[in-house]
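Visitor: Submitted below is the structure of interest, expressed as structure tokens.
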Amino acid sequence: MRLVEATARSSQAEHASISTFTIADFLAMGVTLEGEPVVVAGEEHLDRRIRWLHVTELVDTHGLLQGGELILATGVGLADSPDEGVRYVDALADERVAGLVIELGRRFSAVPPEMVRACRRRGLPLIVLNREVPFVKMTETAHSIILMGQRRLLQTTAMAHQRFTELGAADASVDQLVAAAGELAEGQIVFSNLMYQVLAVHTVDGVADDLLRRWSRKAFTLTQSFGTRVDEADRCVVVPVEARGQQRGRLVLFTSGPPDPAQVIVLERAASALAMRLLLEDDDVVVANAQRTVLADLVAGRCSRTESIHARTAALGHPTRHRHYLPIIVAPDRERDLRSVLSRALDDVQVDALVGRLTPERWGVLLLLKRADASAADEFATKVAQACKDAGVAPPTLGRGAVVSDLAEVGRSFAEASDVASAARATSPMAGRRVLHSIDDIKLRGLLYTLRHDARLQAFVERTLGPLQLRDALDGGDWVRTLAAYLRVRSNKSLAAQQLGISRPTLYERLARIQRLLGVDLDDPETTTSLYAAIMVIEATAGDASPTSALPSTLVVQAQTGA
């Protein structure tokens with residue numbers, strides 16, 4: 001036996017969770033504590049929910065109860081026969097009552113041992129009150145809590161209906177729907193397909209490894225079945241997600257206590273919303289979106305707990321633990337869906353990877369290598385180019401970062417890969433001949449491209465080419481273009497004139513004027529190197545915005561005012 005003492009739980013019982021008023025909550029009420037309650041049987045069932053409190057001294061309660069009641073009695077209706085006490089307990093258990101409370105003093109100084117043994121045998125919680133407490137005070141307090149819970153249940157139901165209706169109208173993603181379900185149900189949620197791939201998670205603290213370990217223990221005990229299942233022992237709710245009569249996955253809610261009706265309703269409403277979403281997406285699209293979510297977290301450096309990332313990728317079927325990571329950015333010539341192309345290339349190379357569309361025109365691929373061998377990237381790029389050729393589209397530009405062995409470094413390496421891909425597409429003359437580029441390939445032109453928005457580099461361009469840019473802006477000339485053509489062919493005047501489509505005397509005249517405008521000697525190697533570097537910066541920024549975007553701000557003002 002144990003004496004139930006006044007604890008902080010008394011205040012919690014006054015605000016019991018939605019429709020979850022239990023025997024433990026009843027014991028923690030202040031009015032109950034006044035009666036010095038002692039649990040003498042069924043202590044393991046104190047989490048049993050109470051539907052209502054019922055005061056009765058009748059021995060024969062057949063047909064009077066509906067189940068879930070907590071019976072309050074003094075025992076005055078019981079005869080002295082021990083057998084009658086046992087029959088009384090069995091009858092209550094058959095009526096599926098939540099428990100029995102006996103107030104000592106009027107009939108018993110102690111509950112007969114036969115009744116205690118019967119309660120233990122039937123798993124019926126038996127509580128004795130050592131001091132007299134008006135039953136009406138207990139019922140008033142308990143019923144107000146129960147009614148409050150029912151009111152909250154209705155509010156939660158209405159809130160869930162409104163929230164998921166709004167999300168459906170807004171074409172919310174799977175991640176957004178699962179997150180909304182987790183917030184409304186105040187629990188942790190895992191959405192998986194029938195292949196046990198985790199497609200979305202919601203955690204209270206953003207840490208997924210503990211949740212996914214809990215899910216993995218539960219997942220493989222699940223079988224394809226219809227209808228909601230509430231498992232109070234594991235403290236979880238499982239709801240199948242069905243679209244067009246076909247089960248597409250499972251939504252599993254893990255709770256800190258026994259799941260309550262409101263949480264079940266929220267999860268069922270979320271499953272309906274997910275089913276509507278899945279009518280628009282095939283299974284492979286849903287899996288691809290889940291990969292993209294994880295990949296986006298890695299690219300953005302949102303992986304403060306690497307164990308969470310390892311758990312999420314393993315649950316997706318792409319384990320990242322004990323791997324080397326090689327990030328690749330794939331940049332097609334225009335917005336394309338490359339999912340099938342990249343998937344085919346990975347199958348041919350037989351390398352595991354996470355793949356996702358990071359922007360409308362950028363795809364990310366994270367090769368998961370067993371050895372720190374970058375040659376897999378070259379083979380993958382070749383397969384991508386071949387797959388694009390077979391599909392009749394232009395091969396994309398691929399930029400790769402450095403091979404890293406720490407997930408925390410993946411974001412930095414992806415940033416490098418993105419800069420390489422951008423520089424290769426925008427500046428490299430060999431971009432059309434090569435598919436895969438690394439930081440070693442982009443050289444000075446690529447470096448200047450990645451730094452093109454740096455104020456110090458822009459000031460260098462203004463100092464070096466400002467007068468030529470201004471003349472071009474004012475009279476529509478092509479002084480910068482002339483100088484660029486001349487320097488690109490390494491000061492070969494005949495070849496430069498040919499490429500510009502002008503005569504050699506005209507070129508000589510232009511070059512002389514360029515030297516006067518800039519105050520430089522075009523025969524000086526350091527001068528020509530500086531000039532060509534500035535030209536490469538202008539070419540790198542030429543496609544960023546308007547024609548005047550390559551001009552330094554002071555020159556833009558002068559050009560616009562005619563100064």
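Chain labels follow the order of the structure tokens: the first chain is A, the next B, and so on; residue numbering restarts at 1 in every chain, and ligands are counted from 1 in their shown order.
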Counting only C-alpha atoms, what is within 6 Å of segment 34-37 of chain A, bar same-chain residues fewer than 5 positions away, as a VMD selection string?

Guide: chain A and resid 4 128 to 133

Visitor: Take the residues from that selection and write them out as an mmCIF file, in the first residue's frame, keeping C-alpha atoms.

Guide:
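Result file follows (part.cif):
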```cif
data_model
loop_
_atom_site.group_PDB
_atom_site.id
_atom_site.type_symbol
_atom_site.label_atom_id
_atom_site.label_comp_id
_atom_site.auth_asym_id
_atom_site.auth_seq_id
_atom_site.Cartn_x
_atom_site.Cartn_y
_atom_site.Cartn_z
ATOM 1 C CA VAL A 4 -0.878 9.445 -1.705
ATOM 2 C CA VAL A 128 -9.656 3.798 0.509
ATOM 3 C CA LEU A 129 -10.319 7.164 2.132
ATOM 4 C CA ASN A 130 -9.198 7.269 5.753
ATOM 5 C CA ARG A 131 -11.034 10.511 6.495
ATOM 6 C CA GLU A 132 -14.592 11.498 5.652
ATOM 7 C CA VAL A 133 -14.926 13.860 2.692
#
```

Visitor: Just want the 12 Å neighbourhood of Ser81 of chain A, counted on only C-alpha atoms, with same-chain residues fewer than 5 positions away dropped. Output as a ChimeraX atom specification.

Guide: /A:86-88,112,114-115

Visitor: Please produce a file of those selected residues containing C-alpha atoms, as an mmCIF file, in the first residue's frame.

Guide:
```cif
data_model
loop_
_atom_site.group_PDB
_atom_site.id
_atom_site.type_symbol
_atom_site.label_atom_id
_atom_site.label_comp_id
_atom_site.auth_asym_id
_atom_site.auth_seq_id
_atom_site.Cartn_x
_atom_site.Cartn_y
_atom_site.Cartn_z
ATOM 1 C CA VAL A 86 -16.058 -10.601 -4.070
ATOM 2 C CA ARG A 87 -19.209 -10.760 -6.228
ATOM 3 C CA TYR A 88 -19.547 -6.979 -5.901
ATOM 4 C CA PRO A 112 -12.023 -6.919 3.740
ATOM 5 C CA GLU A 114 -11.199 -10.847 0.109
ATOM 6 C CA MET A 115 -12.271 -7.669 -1.692
#
```

Visitor: Please extract the residues of segment 102-213 of chain A with a backbone DSSP assignment of helix (DSSP H, G or I) and present them as a PyMOL selection string.

Guide: chain A and resi 113-122+135-169+174-185+209-213

Visitor: Would you list the contacts of Leu177 of chain A as a list in words, taking every protein, DNA or RNA residue within 7 Å and counting only C-alpha atoms, but skipping same-chain residues closer than 5 positions in sequence?

Guide: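 These residues fall inside the cut-off: Ala172, Ala270 and Leu274 of chain A.
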
Visitor: With a distance cut-off of 10 Å and only C-alpha atoms, select the neighbouring residues of Ala374 of chain A, excluding the residue or stretch itself and same-chain residues fewer than 5 positions from it, and output the selection as a ChimeraX atom specification.

Guide: /A:324-326,367,369,379,400-403

Visitor: Filtering to all heavy atoms, could you give me those residues as a tab-separated table (two decimals), in the first residue's frame?

Guide:
```tsv
chain	number	residue	atom	x	y	z
A	324	HIS	N	32.38	9.42	-46.42
A	324	HIS	CA	33.00	10.65	-46.85
A	324	HIS	C	32.00	11.35	-47.77
A	324	HIS	O	31.26	10.71	-48.51
A	324	HIS	CB	34.31	10.38	-47.59
A	324	HIS	CG	35.32	9.64	-46.76
A	324	HIS	ND1	36.12	10.27	-45.84
A	324	HIS	CD2	35.63	8.32	-46.71
A	324	HIS	CE1	36.90	9.37	-45.25
A	324	HIS	NE2	36.63	8.18	-45.75
A	325	TYR	N	32.00	12.69	-47.74
A	325	TYR	CA	30.95	13.44	-48.40
A	325	TYR	C	31.52	14.32	-49.50
A	325	TYR	O	32.45	15.09	-49.27
A	325	TYR	CB	30.20	14.31	-47.38
A	325	TYR	CG	29.89	13.56	-46.11
A	325	TYR	CD1	30.57	13.84	-44.92
A	325	TYR	CD2	28.94	12.54	-46.09
A	325	TYR	CE1	30.31	13.14	-43.75
A	325	TYR	CE2	28.67	11.83	-44.93
A	325	TYR	CZ	29.36	12.13	-43.76
A	325	TYR	OH	29.10	11.43	-42.61
A	326	LEU	N	30.96	14.18	-50.70
A	326	LEU	CA	31.41	14.96	-51.84
A	326	LEU	C	30.22	15.73	-52.41
A	326	LEU	O	29.37	15.18	-53.11
A	326	LEU	CB	32.01	14.06	-52.92
A	326	LEU	CG	32.48	14.72	-54.21
A	326	LEU	CD1	33.38	15.91	-53.92
A	326	LEU	CD2	33.20	13.73	-55.11
A	367	LEU	N	27.31	13.03	-52.70
A	367	LEU	CA	27.77	11.65	-52.86
A	367	LEU	C	28.25	11.13	-51.51
A	367	LEU	O	29.00	11.80	-50.81
A	367	LEU	CB	28.93	11.59	-53.87
A	367	LEU	CG	28.63	12.05	-55.31
A	367	LEU	CD1	29.84	11.83	-56.20
A	367	LEU	CD2	27.41	11.34	-55.88
A	369	LEU	N	30.43	8.51	-50.03
A	369	LEU	CA	31.52	7.63	-50.46
A	369	LEU	C	32.06	6.81	-49.29
A	369	LEU	O	32.17	7.31	-48.17
A	369	LEU	CB	32.65	8.46	-51.07
A	369	LEU	CG	32.25	9.44	-52.18
A	369	LEU	CD1	33.45	10.29	-52.58
A	369	LEU	CD2	31.69	8.69	-53.37
A	379	GLU	N	33.15	10.21	-62.81
A	379	GLU	CA	32.33	9.18	-63.46
A	379	GLU	C	30.85	9.57	-63.43
A	379	GLU	O	30.12	9.40	-64.40
A	379	GLU	CB	32.53	7.84	-62.75
A	379	GLU	CG	31.85	6.68	-63.46
A	379	GLU	CD	32.11	5.35	-62.77
A	379	GLU	OE1	32.85	5.33	-61.77
A	379	GLU	OE2	31.53	4.33	-63.22
A	400	ARG	N	31.91	20.88	-58.23
A	400	ARG	CA	32.07	20.03	-57.05
A	400	ARG	C	32.90	20.74	-55.99
A	400	ARG	O	33.78	21.55	-56.30
A	400	ARG	CB	32.69	18.69	-57.40
A	400	ARG	CG	34.18	18.70	-57.72
A	400	ARG	CD	34.70	17.27	-57.80
A	400	ARG	NE	36.14	17.21	-58.05
A	400	ARG	CZ	37.06	17.27	-57.10
A	400	ARG	NH1	36.71	17.45	-55.84
A	400	ARG	NH2	38.34	17.18	-57.40
A	401	GLY	N	32.58	20.43	-54.74
A	401	GLY	CA	33.37	20.95	-53.64
A	401	GLY	C	34.43	19.96	-53.23
A	401	GLY	O	34.72	18.99	-53.94
A	402	ALA	N	35.00	20.19	-52.07
A	402	ALA	CA	36.04	19.30	-51.56
A	402	ALA	C	35.40	18.10	-50.87
A	402	ALA	O	34.30	18.19	-50.33
A	402	ALA	CB	36.92	20.06	-50.59
A	403	VAL	N	36.10	16.98	-50.89
A	403	VAL	CA	35.66	15.80	-50.14
A	403	VAL	C	35.90	16.07	-48.66
A	403	VAL	O	37.00	16.46	-48.26
A	403	VAL	CB	36.43	14.54	-50.58
A	403	VAL	CG1	35.96	13.33	-49.77
A	403	VAL	CG2	36.24	14.28	-52.07
```

Visitor: Which residues, written as number ranges by chain, have at least one atom at most 7 Å from Phe21 of chain A, with only C-alpha atoms counted and residues fewer than 4 positions away on the same chain left out?

Guide: A: 16, 25, 49-50, 146

Visitor: Excluding Asp47 of chain A and its own-chain neighbours fewer than 2 positions away, which residues fall within 9 Å of it when counting only C-alpha atoms? Please give them as a list in words.

Guide: Thr20, Phe21, Thr22, Ile23, Ala24, Asp25, Glu44, His45, Arg49, Gly257 and Pro258 of chain A

Visitor: Using only C-alpha atoms, can you tell me which of A:Leu522, A:Val252, A:Ala417, A:Leu531 comes closest to Gly466 of chain A?

Guide: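 Smallest separation from Gly466 of chain A among the options: A:Leu531.
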
Visitor: One decimal, Å: what's the distance from atom CA of Arg312 of chain A over to atom CA of Glu232 of chain A, could you say?

Guide: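 Atom CA of Arg312 of chain A sits 25.6 Å away from atom CA of Glu232 of chain A.
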
Visitor: When you count only C-alpha atoms, which of these residues is closest to Ala185 of chain A: A:Arg269, A:Arg244, A:Arg96, A:Arg371?

Guide: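 So, comparing all the options, the nearest one is A:Arg269.
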
Visitor: How many Å separate atom CA of Leu65 of chain A from atom CA of Glu95 of chain A?

Guide: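 Computing it gives 6.6 Å between the two atoms.
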
Visitor: If we count only C-alpha atoms and set the cut-off at 10 Å, which residues sit around Ile71 of chain A, ignoring sequence neighbours fewer than 6 positions away in its own chain? Please answer as number ranges by chain.

Guide: A: 50, 52-57, 65, 92, 97-102, 126

Visitor: Write out as JSON lines the residues of segment 267-314 of chain A that have any atom within 12 Å of an atom of segment 332-345 of chain A, one row each with the nearest atom pair and its distance in Å to one decimal, counting only C-alpha atoms, sorted by chain and then rising number.

Guide:
```
{"residue": "A:Asp284", "atom": "CA", "partner": "A:Arg339", "partner_atom": "CA", "distance": 10.0}
{"residue": "A:Val285", "atom": "CA", "partner": "A:Arg339", "partner_atom": "CA", "distance": 9.3}
{"residue": "A:Val287", "atom": "CA", "partner": "A:Arg339", "partner_atom": "CA", "distance": 11.6}
{"residue": "A:Ala288", "atom": "CA", "partner": "A:Arg339", "partner_atom": "CA", "distance": 8.4}
{"residue": "A:Asn289", "atom": "CA", "partner": "A:Arg339", "partner_atom": "CA", "distance": 10.9}
{"residue": "A:Gln291", "atom": "CA", "partner": "A:Arg339", "partner_atom": "CA", "distance": 11.7}
{"residue": "A:Arg292", "atom": "CA", "partner": "A:Arg339", "partner_atom": "CA", "distance": 11.2}
```

Visitor: Would you mind telling me which residue in A:Ala28, A:Val355, A:Leu507, A:Ile439 lies nearest to Asp478 of chain A when using only C-alpha atoms?

Guide: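 Of the candidates, the smallest distance to Asp478 of chain A is held by A:Leu507.
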
Visitor: Using only C-alpha atoms, which of the listed residues (A:Leu468, A:Val241, A:Ala496, A:Ala485) sits closest to Leu517 of chain A?

Guide: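 Answer, going by the shortest atom-to-atom distance: A:Leu468.
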